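Structure file run-v1.txt with compact mmCIF, C-alpha atoms:
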# COMPACT_ATOMS: atom_id res chain seq x y z
CA MET P 289 -35.01 1.01 -105.46
CA ALA P 290 -35.72 -2.50 -104.31
CA GLU P 291 -32.08 -3.35 -104.80
CA ASP P 292 -31.06 -0.41 -102.68
CA LEU P 293 -33.46 -1.53 -99.89
CA CYS P 294 -32.14 -5.03 -99.98
CA SER P 295 -28.63 -3.69 -99.87
CA PHE P 296 -29.55 -1.61 -96.78
CA HIS P 297 -30.98 -4.60 -94.93
CA LYS P 298 -27.96 -6.64 -95.82
CA ASP P 299 -25.68 -3.99 -94.40
CA VAL P 300 -27.73 -3.85 -91.22
CA PHE P 301 -27.54 -7.58 -90.64
CA MET P 302 -23.83 -7.57 -91.35
CA ILE P 303 -23.06 -5.32 -88.25
CA ARG P 304 -20.84 -7.11 -85.66
CA LEU P 305 -20.18 -6.16 -82.04
CA PRO P 306 -16.56 -5.19 -81.59
CA LYS P 307 -14.44 -7.89 -79.99
CA ALA P 308 -13.29 -7.12 -76.44
CA SER P 309 -9.62 -6.31 -76.11
CA PRO P 310 -7.57 -9.14 -74.48
CA LEU P 311 -5.84 -6.53 -72.33
CA ILE P 312 -9.14 -5.36 -70.79
CA LEU P 313 -10.17 -8.93 -70.00
CA ARG P 314 -6.87 -9.56 -68.31
CA MET P 315 -7.28 -6.38 -66.21
CA ILE P 316 -10.76 -7.44 -65.10
CA MET P 317 -9.50 -10.87 -64.08
CA LEU P 318 -6.58 -9.31 -62.19
CA VAL P 319 -8.86 -6.94 -60.24
CA PHE P 320 -11.15 -9.82 -59.37
CA ALA P 321 -8.25 -11.96 -58.18
CA VAL P 322 -6.84 -9.13 -56.05
CA ALA P 323 -10.25 -8.51 -54.46
CA CYS P 324 -10.59 -12.20 -53.61
CA GLY P 325 -7.08 -12.25 -52.16
CA ILE P 326 -7.76 -9.23 -49.95
CA TYR P 327 -10.98 -10.79 -48.67
CA ILE P 328 -9.30 -14.11 -47.86
CA CYS P 329 -6.39 -12.35 -46.08
CA SER P 330 -8.79 -10.29 -43.94
CA ILE P 331 -10.56 -13.47 -42.81
CA CYS P 332 -7.24 -15.09 -41.88
CA LEU P 333 -6.07 -12.02 -39.97
CA LYS P 334 -9.27 -11.96 -37.94
CA GLN P 335 -8.82 -15.61 -37.00
CA ILE P 336 -5.18 -15.07 -36.00
CA SER P 337 -6.14 -12.01 -33.93
CA TYR P 338 -8.84 -13.95 -32.12
CA GLN P 339 -6.49 -16.84 -31.36
CA THR P 340 -3.81 -14.44 -30.06
CA LYS P 341 -6.34 -12.65 -27.85
CA SER P 342 -7.59 -15.95 -26.44
CA PHE P 343 -4.03 -17.02 -25.70
CA VAL P 344 -3.29 -13.79 -23.79
CA GLU P 345 -6.46 -14.20 -21.75
CA VAL P 346 -5.47 -17.69 -20.68
CA ILE P 347 -1.82 -16.94 -19.84
CA ASP P 348 -1.21 -14.33 -17.10
CA ARG P 349 1.03 -11.38 -17.84
CA PRO P 350 4.51 -11.95 -16.42
CA CYS P 351 5.59 -10.21 -13.22
CA HIS P 352 8.65 -8.03 -12.74
CA THR P 353 8.63 -6.64 -16.26
CA TYR P 354 9.19 -3.11 -15.00
CA PRO P 355 12.55 -1.35 -14.65
CA PHE P 356 12.80 -1.68 -10.86
CA ASP P 357 16.06 -1.86 -8.97
CA LEU P 358 17.43 -5.41 -8.81
CA ASP P 359 17.38 -5.27 -5.01
CA VAL P 360 13.64 -4.56 -5.06
CA ALA P 361 12.62 -7.07 -7.73
CA PRO P 362 12.47 -10.13 -5.41
CA TYR P 363 10.01 -8.22 -3.21
CA LEU P 364 7.52 -7.69 -6.03
CA HIS P 365 4.67 -10.16 -6.37
CA CYS P 366 1.64 -10.87 -8.53
CA PRO P 367 -0.98 -12.25 -6.11
CA GLN P 368 -4.05 -14.04 -7.42
CA PRO P 369 -6.96 -13.31 -5.06
CA LYS P 370 -9.66 -15.96 -4.65
CA THR P 371 -12.53 -13.53 -4.12
CA TYR P 372 -12.22 -11.44 -7.31
CA SER P 373 -10.18 -10.98 -10.48
CA ARG P 374 -7.41 -8.40 -10.76
CA ALA P 375 -8.41 -8.05 -14.43
CA GLU P 376 -6.09 -5.68 -16.32
CA CYS P 377 -3.95 -5.24 -13.19
CA ALA P 378 -3.10 -8.95 -12.97
CA GLY P 379 0.43 -8.36 -14.24
CA ASN P 380 1.12 -5.30 -12.09
CA PRO P 381 3.60 -6.18 -9.31
CA VAL P 382 2.64 -5.69 -5.66
CA GLN P 383 4.99 -5.19 -2.72
CA PHE P 384 4.08 -6.64 0.69
CA PHE P 385 4.84 -4.58 3.80
CA ALA P 386 4.13 -4.30 7.51
CA ILE P 387 4.34 -1.20 9.73
CA ILE P 388 5.99 -2.32 12.98
CA SER P 389 5.39 0.04 15.89
CA MET P 390 4.19 0.62 19.46
CA GLN P 391 0.88 2.14 20.50
CA ARG P 392 0.76 5.96 20.49
CA SER P 393 3.88 6.31 18.34
CA GLY P 394 2.21 8.05 15.39
CA SER P 395 1.49 4.84 13.49
CA GLY P 396 -2.19 5.70 12.97
CA TRP P 397 -1.30 9.07 11.47
CA PHE P 398 1.47 7.52 9.37
CA GLU P 399 -0.89 4.85 8.03
CA THR P 400 -3.45 7.44 6.91
CA LEU P 401 -0.63 9.18 5.03
CA LEU P 402 0.25 5.93 3.25
CA ASN P 403 -3.38 5.18 2.44
CA SER P 404 -3.76 8.59 0.80
CA HIS P 405 -1.54 7.17 -1.95
CA VAL P 406 -3.71 5.82 -4.75
CA ASN P 407 -1.68 2.59 -4.98
CA VAL P 408 -1.37 1.68 -1.27
CA SER P 409 -3.65 -0.49 0.86
CA SER P 410 -2.64 -0.62 4.52
CA ASN P 411 -5.34 -2.52 6.39
CA GLY P 412 -4.95 -1.21 9.92
CA GLU P 413 -4.13 -2.90 13.23
CA ILE P 414 -5.50 -6.30 12.24
CA PHE P 415 -3.98 -8.23 15.15
CA SER P 416 -5.77 -6.12 17.74
CA VAL P 417 -8.45 -8.83 17.47
CA ARG P 418 -7.38 -11.59 19.82
CA HIS P 419 -8.33 -14.73 17.86
CA ARG P 420 -6.22 -13.62 14.88
CA ARG P 421 -3.08 -13.94 17.01
CA ASP P 422 -4.00 -16.92 19.20
CA ASN P 423 -1.18 -18.97 17.71
CA VAL P 424 1.28 -19.02 14.83
CA SER P 425 -1.18 -20.75 12.51
CA SER P 426 -3.85 -18.07 12.98
CA ILE P 427 -1.26 -15.31 12.49
CA ILE P 428 0.12 -16.79 9.27
CA GLY P 429 -3.37 -17.58 7.99
CA THR P 430 -4.35 -13.94 8.50
CA LEU P 431 -1.19 -12.69 6.77
CA GLU P 432 -1.80 -15.02 3.82
CA LYS P 433 -5.25 -13.54 3.34
CA ILE P 434 -3.89 -10.00 3.48
CA TYR P 435 -1.02 -10.57 1.07
CA ASN P 436 -3.23 -12.50 -1.34
CA LEU P 437 -5.40 -9.33 -1.56
CA ASP P 438 -8.38 -11.22 -0.14
CA TRP P 439 -8.60 -9.04 2.98
CA LEU P 440 -11.37 -6.53 2.36
CA SER P 441 -11.35 -3.30 4.37
CA SER P 442 -12.03 0.40 3.86
CA ALA P 443 -8.37 0.80 2.86
CA SER P 444 -8.45 -1.84 0.13
CA LYS P 445 -7.62 -0.64 -3.38
CA ASN P 446 -7.93 -4.28 -4.44
CA GLU P 447 -7.00 -5.12 -8.01
CA CYS P 448 -4.70 -2.16 -8.72
CA SER P 449 -2.82 -1.96 -5.42
CA ALA P 450 0.95 -1.64 -5.75
CA ALA P 451 1.74 -2.03 -2.03
CA VAL P 452 -0.34 -4.01 0.47
CA GLY P 453 0.20 -4.37 4.21
CA LEU P 454 -0.93 -3.78 7.75
CA LYS P 455 -0.04 -2.09 11.03
CA TRP P 456 1.44 -4.44 13.65
CA MET P 457 2.05 -3.51 17.28
CA LEU P 458 4.92 -5.19 19.15
CA ASN P 459 2.60 -6.57 21.84
CA ARG P 460 0.22 -8.22 19.37
CA GLY P 461 1.94 -11.58 18.95
CA LEU P 462 4.93 -10.23 17.01
CA MET P 463 7.47 -10.64 19.81
CA GLU P 464 5.93 -13.83 21.20
CA TYR P 465 6.25 -15.76 17.91
CA HIS P 466 9.11 -13.77 16.40
CA LYS P 467 11.08 -16.80 15.10
CA GLU P 468 8.20 -18.28 13.12
CA ILE P 469 7.07 -14.86 11.91
CA LEU P 470 10.60 -13.98 10.77
CA GLU P 471 10.79 -17.19 8.76
CA TYR P 472 7.45 -16.42 7.11
CA LEU P 473 8.31 -12.78 6.34
CA ASN P 474 11.62 -13.69 4.72
CA LYS P 475 10.07 -16.53 2.73
CA LYS P 476 7.25 -14.24 1.60
CA HIS P 477 9.66 -11.34 0.92
CA VAL P 478 7.77 -8.86 3.10
CA SER P 479 9.34 -5.41 3.64
CA LEU P 480 9.15 -3.93 7.15
CA ILE P 481 8.68 -0.28 8.13
CA PHE P 482 9.77 0.28 11.74
CA LEU P 483 8.20 3.41 13.23
CA PHE P 484 9.23 4.65 16.69
CA ARG P 485 9.16 7.85 18.73
CA ARG P 486 12.38 9.47 19.81
CA ASN P 487 10.71 11.18 22.76
CA LEU P 488 9.37 8.30 24.83
CA LEU P 489 8.03 10.68 27.49
CA ARG P 490 5.61 12.15 24.97
CA ARG P 491 4.55 8.63 24.05
CA MET P 492 3.90 7.88 27.72
CA ILE P 493 1.67 10.97 28.04
CA SER P 494 -0.31 9.88 24.99
CA VAL P 495 -0.70 6.32 26.29
CA LEU P 496 -1.96 7.49 29.71
CA ALA P 497 -4.32 10.09 28.25
CA ASN P 498 -5.77 7.62 25.74
CA SER P 499 -6.26 5.03 28.48
CA TYR P 500 -8.08 7.60 30.62
CA ASP P 501 -10.39 8.59 27.78
CA ARG P 502 -11.45 4.98 27.19
CA HIS P 503 -13.42 5.29 30.41
CA ALA P 504 -14.05 9.04 30.68
CA LYS P 505 -15.16 9.46 27.03
CA LEU P 506 -14.50 13.20 27.04
CA LEU P 507 -15.94 13.86 23.58
CA ASN P 508 -19.67 13.79 24.22
CA GLY P 509 -19.56 10.32 25.70
CA THR P 510 -17.46 8.91 22.85
CA HIS P 511 -13.91 7.58 23.03
CA LYS P 512 -11.64 8.58 20.15
CA SER P 513 -8.01 7.55 19.82
CA HIS P 514 -7.56 9.91 16.87
CA VAL P 515 -9.38 13.13 16.00
CA HIS P 516 -9.89 15.21 12.86
CA ALA P 517 -10.94 18.56 14.34
CA PRO P 518 -8.85 21.06 16.37
CA GLU P 519 -11.74 21.49 18.81
CA GLU P 520 -11.70 17.76 19.61
CA ALA P 521 -7.91 17.80 20.04
CA ASP P 522 -8.15 20.74 22.47
CA ALA P 523 -10.85 18.96 24.48
CA LEU P 524 -8.74 15.80 24.86
CA SER P 525 -5.54 17.69 25.67
CA LYS P 526 -7.12 19.31 28.73
CA TYR P 527 -6.63 16.10 30.66
CA LYS P 528 -3.15 16.05 32.26
CA PRO P 529 -2.03 12.57 33.32
CA PHE P 530 -0.10 11.86 36.50
CA ILE P 531 3.22 10.07 35.83
CA ASN P 532 4.72 7.82 38.47
CA SER P 533 8.17 9.38 38.88
CA THR P 534 9.44 6.43 40.95
CA SER P 535 9.08 3.92 38.10
CA LEU P 536 9.53 6.45 35.26
CA ILE P 537 13.14 5.66 34.35
CA SER P 538 12.63 1.89 34.42
CA GLU P 539 9.57 2.25 32.19
CA LEU P 540 11.51 4.36 29.69
CA GLN P 541 14.29 1.75 29.72
CA GLN P 542 11.73 -0.97 29.06
CA MET P 543 10.43 0.89 26.00
CA GLU P 544 13.94 1.29 24.64
CA LEU P 545 14.69 -2.38 25.26
CA MET P 546 11.59 -3.49 23.40
CA ALA P 547 12.53 -1.38 20.35
CA THR P 548 16.09 -2.76 20.46
CA LYS P 549 14.82 -6.33 20.66
CA VAL P 550 12.46 -6.11 17.70
CA LEU P 551 15.20 -4.61 15.53
CA GLU P 552 17.49 -7.47 16.56
CA TYR P 553 14.83 -10.13 15.93
CA PHE P 554 14.05 -8.89 12.42
CA ARG P 555 17.45 -7.56 11.35
CA THR P 556 17.63 -10.01 8.41
CA THR P 557 14.51 -8.58 6.76
CA ARG P 558 14.45 -5.81 4.18
CA HIS P 559 13.45 -2.83 6.33
CA ILE P 560 13.53 0.90 6.91
CA ILE P 561 13.61 2.66 10.32
CA LEU P 562 11.57 5.82 10.80
CA TYR P 563 10.94 8.17 13.71
CA TYR P 564 7.73 10.10 14.20
CA GLU P 565 9.54 13.36 14.98
CA ASP P 566 11.53 13.15 11.74
CA LEU P 567 8.37 12.64 9.69
CA VAL P 568 6.76 15.69 11.31
CA LYS P 569 9.77 17.96 10.77
CA ASN P 570 10.96 16.67 7.40
CA HIS P 571 8.31 15.74 4.85
CA THR P 572 10.96 14.47 2.41
CA LYS P 573 11.10 11.40 4.64
CA LEU P 574 7.79 10.39 3.06
CA LEU P 575 9.54 10.31 -0.31
CA ASP P 576 12.02 7.85 1.15
CA VAL P 577 9.11 5.63 2.18
CA GLN P 578 7.58 5.78 -1.29
CA ASP P 579 10.94 4.87 -2.82
CA PHE P 580 11.27 2.00 -0.36
CA LEU P 581 7.89 0.64 -1.52
CA ALA P 582 8.73 1.28 -5.21
CA LEU P 583 5.81 3.71 -5.52
CA PRO P 584 5.43 6.72 -7.81
CA HIS P 585 5.82 9.91 -5.78
CA MET P 586 2.61 11.54 -4.58
CA ASN P 587 1.74 14.24 -2.06
CA LEU P 588 0.57 12.27 0.98
CA THR P 589 -2.02 13.84 3.29
CA SER P 590 -3.85 13.06 6.52
CA ARG P 591 -6.91 14.57 8.21
CA GLN P 592 -5.72 13.63 11.70
CA VAL P 593 -5.01 16.47 14.14
CA LYS P 594 -2.29 16.26 16.78
CA ILE P 595 -3.64 16.21 20.35
CA HIS P 596 -0.71 17.04 22.66
CA LYS P 597 1.07 20.08 21.24
CA GLY P 598 3.50 22.51 22.82
CA ALA P 599 5.70 22.19 25.91
CA LEU P 600 5.45 19.00 27.96
CA ARG P 601 4.94 20.95 31.20
CA GLU P 602 1.46 21.78 29.86
CA HIS P 603 0.48 18.10 29.64
CA ILE P 604 1.78 16.54 32.90
CA SER P 605 -0.02 17.16 36.19
CA ASN P 606 3.09 16.46 38.34
CA TRP P 607 5.58 18.17 36.06
CA ASP P 608 7.97 19.20 38.86
CA ASP P 609 8.40 15.57 40.00
CA VAL P 610 9.05 14.37 36.45
CA ASN P 611 11.45 17.22 35.77
CA ARG P 612 13.50 16.44 38.90
CA THR P 613 13.56 12.71 38.11
CA LEU P 614 14.89 13.07 34.56
CA ASN P 615 17.26 16.01 35.04
CA GLY P 616 20.87 14.87 34.89
CA THR P 617 19.98 11.48 33.33
CA ALA P 618 20.22 10.13 29.78
CA TYR P 619 16.52 10.99 29.41
CA GLU P 620 16.82 14.68 30.23
CA ARG P 621 16.48 15.45 26.53
CA PHE P 622 12.86 14.29 26.69
CA LEU P 623 12.00 17.32 28.85
CA HIS P 624 12.69 19.78 26.04
CA LYS P 625 10.57 20.68 23.04
CA ASP P 626 11.63 18.45 20.16
CA TYR P 627 9.50 19.70 17.26
Can you give me the file's structure in the form of structure tokens?
Amino acid sequence: MAEDLCSFHKDVFMIRLPKASPLILRMIMLVFAVACGIYICSICLKQISYQTKSFVEVIDRPCHTYPFDLDVAPYLHCPQPKTYSRAECAGNPVQFFAIISMQRSGSGWFETLLNSHVNVSSNGEIFSVRHRRDNVSSIIGTLEKIYNLDWLSSASKNECSAAVGLKWMLNRGLMEYHKEILEYLNKKHVSLIFLFRRNLLRRMISVLANSYDRHAKLLNGTHKSHVHAPEEADALSKYKPFINSTSLISELQQMELMATKVLEYFRTTRHIILYYEDLVKNHTKLLDVQDFLALPHMNLTSRQVKIHKGALREHISNWDDVNRTLNGTAYERFLHKDY
């Protein structure tokens, strides 16, 4: 019995733990090595990503990377405003433009149409303020601020604008300093939109009526050059201006001459010529304008209401005199309804 007990204890103390298989050890080491490798690679990738991101933030995105027509590409710019950052739009190209027109030729209405486009900022008749056109330096300084996107107005889309410009009347320094302005526009690659009226007699009525309202203030003591309600348009249209029939033809000739001169002065620019009547009758003309400015097509709208509608005889106090003066002349066509 004692021998059996001793034999039992001997057997117990003789038990050995089984040796681990070399294959299992190798597998454990391999898994550990792979895990370490994955961890190290993830750290390296994060560092590379951070360095790449920092590099992109320092270097601006290149301009003209979009599939625009080769004729348009030189007129695309990437301005860097001083007053704010264009942020994610810094690489988006911007086209510079100017609407060249005469007072009461539909330019205000046309500009509201352009500004209804989400990518257009047309800043109004900036040179109506005298000191901005005192000399060439003040004119160019003002243009630089506009085209650098540092001109802030209600029309400004700022960082994501694709076309930036202004409305410029012929008698606001444009003709006086046309040589210097032409040099600047060509150097800056500014596109011009010429907007005229075919019927200069209608323009004359609008000019005289607007001049009268500056003093009469027919709308509850307020002068408005443009209106947004039919009732306001009807109230303003009740005034019928008197047209001097003696000087009428010479005045019409002067208007034509001015339009001819400005087209001659700026013939070397990239430009498009539009007429108010064509825009009213044919809305596809607005697509031509959007193509000219390299803009995506949008439906352009305006809240402005036309003031002088219908036959011209309803808007001229001395219609018979005007009718006799223009009948049989090159301007007889102005007497008839044109749209």
Could you make a table, as a tab-separated table, of the residues of segment 381-418 of chain P that have an atom within 12 Å of an atom of segment 433-453 of chain P, each with its nearest atom pair and distance in Å to one decimal, counting all atoms listed in the file, in chain and number order?
residue	atom	partner	partner_atom	distance
P:Pro381	CA	P:Ala450	CA	6.3
P:Val382	CA	P:Ala450	CA	4.4
P:Gln383	CA	P:Ala451	CA	4.6
P:Phe384	CA	P:Val452	CA	5.1
P:Phe385	CA	P:Gly453	CA	4.7
P:Ala386	CA	P:Gly453	CA	5.1
P:Ile387	CA	P:Gly453	CA	7.6
P:Ile388	CA	P:Gly453	CA	10.7
P:Glu399	CA	P:Ala443	CA	10.0
P:Thr400	CA	P:Ala443	CA	9.2
P:Leu401	CA	P:Ala443	CA	11.6
P:Leu402	CA	P:Ala451	CA	9.7
P:Asn403	CA	P:Ala443	CA	6.7
P:Ser404	CA	P:Ala443	CA	9.3
P:His405	CA	P:Ala451	CA	9.8
P:Val406	CA	P:Lys445	CA	7.7
P:Asn407	CA	P:Ser449	CA	4.7
P:Val408	CA	P:Ala451	CA	4.9
P:Ser409	CA	P:Val452	CA	4.8
P:Ser410	CA	P:Gly453	CA	4.7
P:Asn411	CA	P:Ala443	CA	5.7
P:Gly412	CA	P:Ala443	CA	8.1
P:Glu413	CA	P:Gly453	CA	10.1
P:Ile414	CA	P:Ile434	CA	9.6
P:Phe415	CA	P:Ile434	CA	11.8
Q | Between atom CA of Leu473 of chain P and atom CA of Ile561 of chain P, distance in Å (one decimal) | A |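 Computing it gives 16.8 Å between the two atoms.
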Q: Find the residue from P:Leu623, P:Leu318, P:Ile427, P:Val360 that sits nearest to Arg460 of chain P; use all atoms listed in the file when measuring.
A: P:Ile427
Quick one: 5 Å padding each side, axis-aligned, all listed atoms of segment 393-407 of chain P - centre and edge lengths in Å to one decimal, as AutoDock Vina command-line options?
--center_x 0.1 --center_y 5.9 --center_z 6.7 --size_x 17.6 --size_y 16.6 --size_z 33.3
Q.
So that I can see what lies close to segment 562-564 of chain P, please list as a list in words the residues with an atom at most 7 Å from it, counting all atoms listed in the file and leaving out residues fewer than 5 positions away in the same chain.
A. Ser393, Gly394, Phe482, Leu483, Phe484, Arg485 and Arg486 of chain P
Q | Top pick for closest residue to Lys370 of chain P, considering P:His516, P:Met390, P:Asp422, P:Glu432 and counting only C-alpha atoms | A | P:Glu432
Q.
Taking 5 positions as the minimum chain separation for residues in the same chain, which residues sit within 10 Å of segment 517-530 of chain P when counting only C-alpha atoms? Answer as a PyMOL selection string.
A. chain P and resi 492-501+505-507+511-512+591-597+601-607+609-610
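Here atom CA of Ser425 of chain P and atom CA of His466 of chain P stand 13.0 Å from one another.
Relative to atom CA of Leu364 of chain P, atom CA of Lys475 of chain P is found at 12.7 Å.
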Q: Can you work out which one of P:Tyr465, P:Thr617, P:Trp397, P:Ser389 has the shortest atom-to-atom distance to Arg421 of chain P, counting all atoms listed in the file?
A: P:Tyr465
Q: Please determine the residues with any atom at most 12 Å from (11.5, 20.6, 24.0) (coordinates as given in the file, with all atoms listed in the file counting) and report them as a PyMOL selection string.
A: chain P and resi 486-487+489-490+565+597-602+620-627
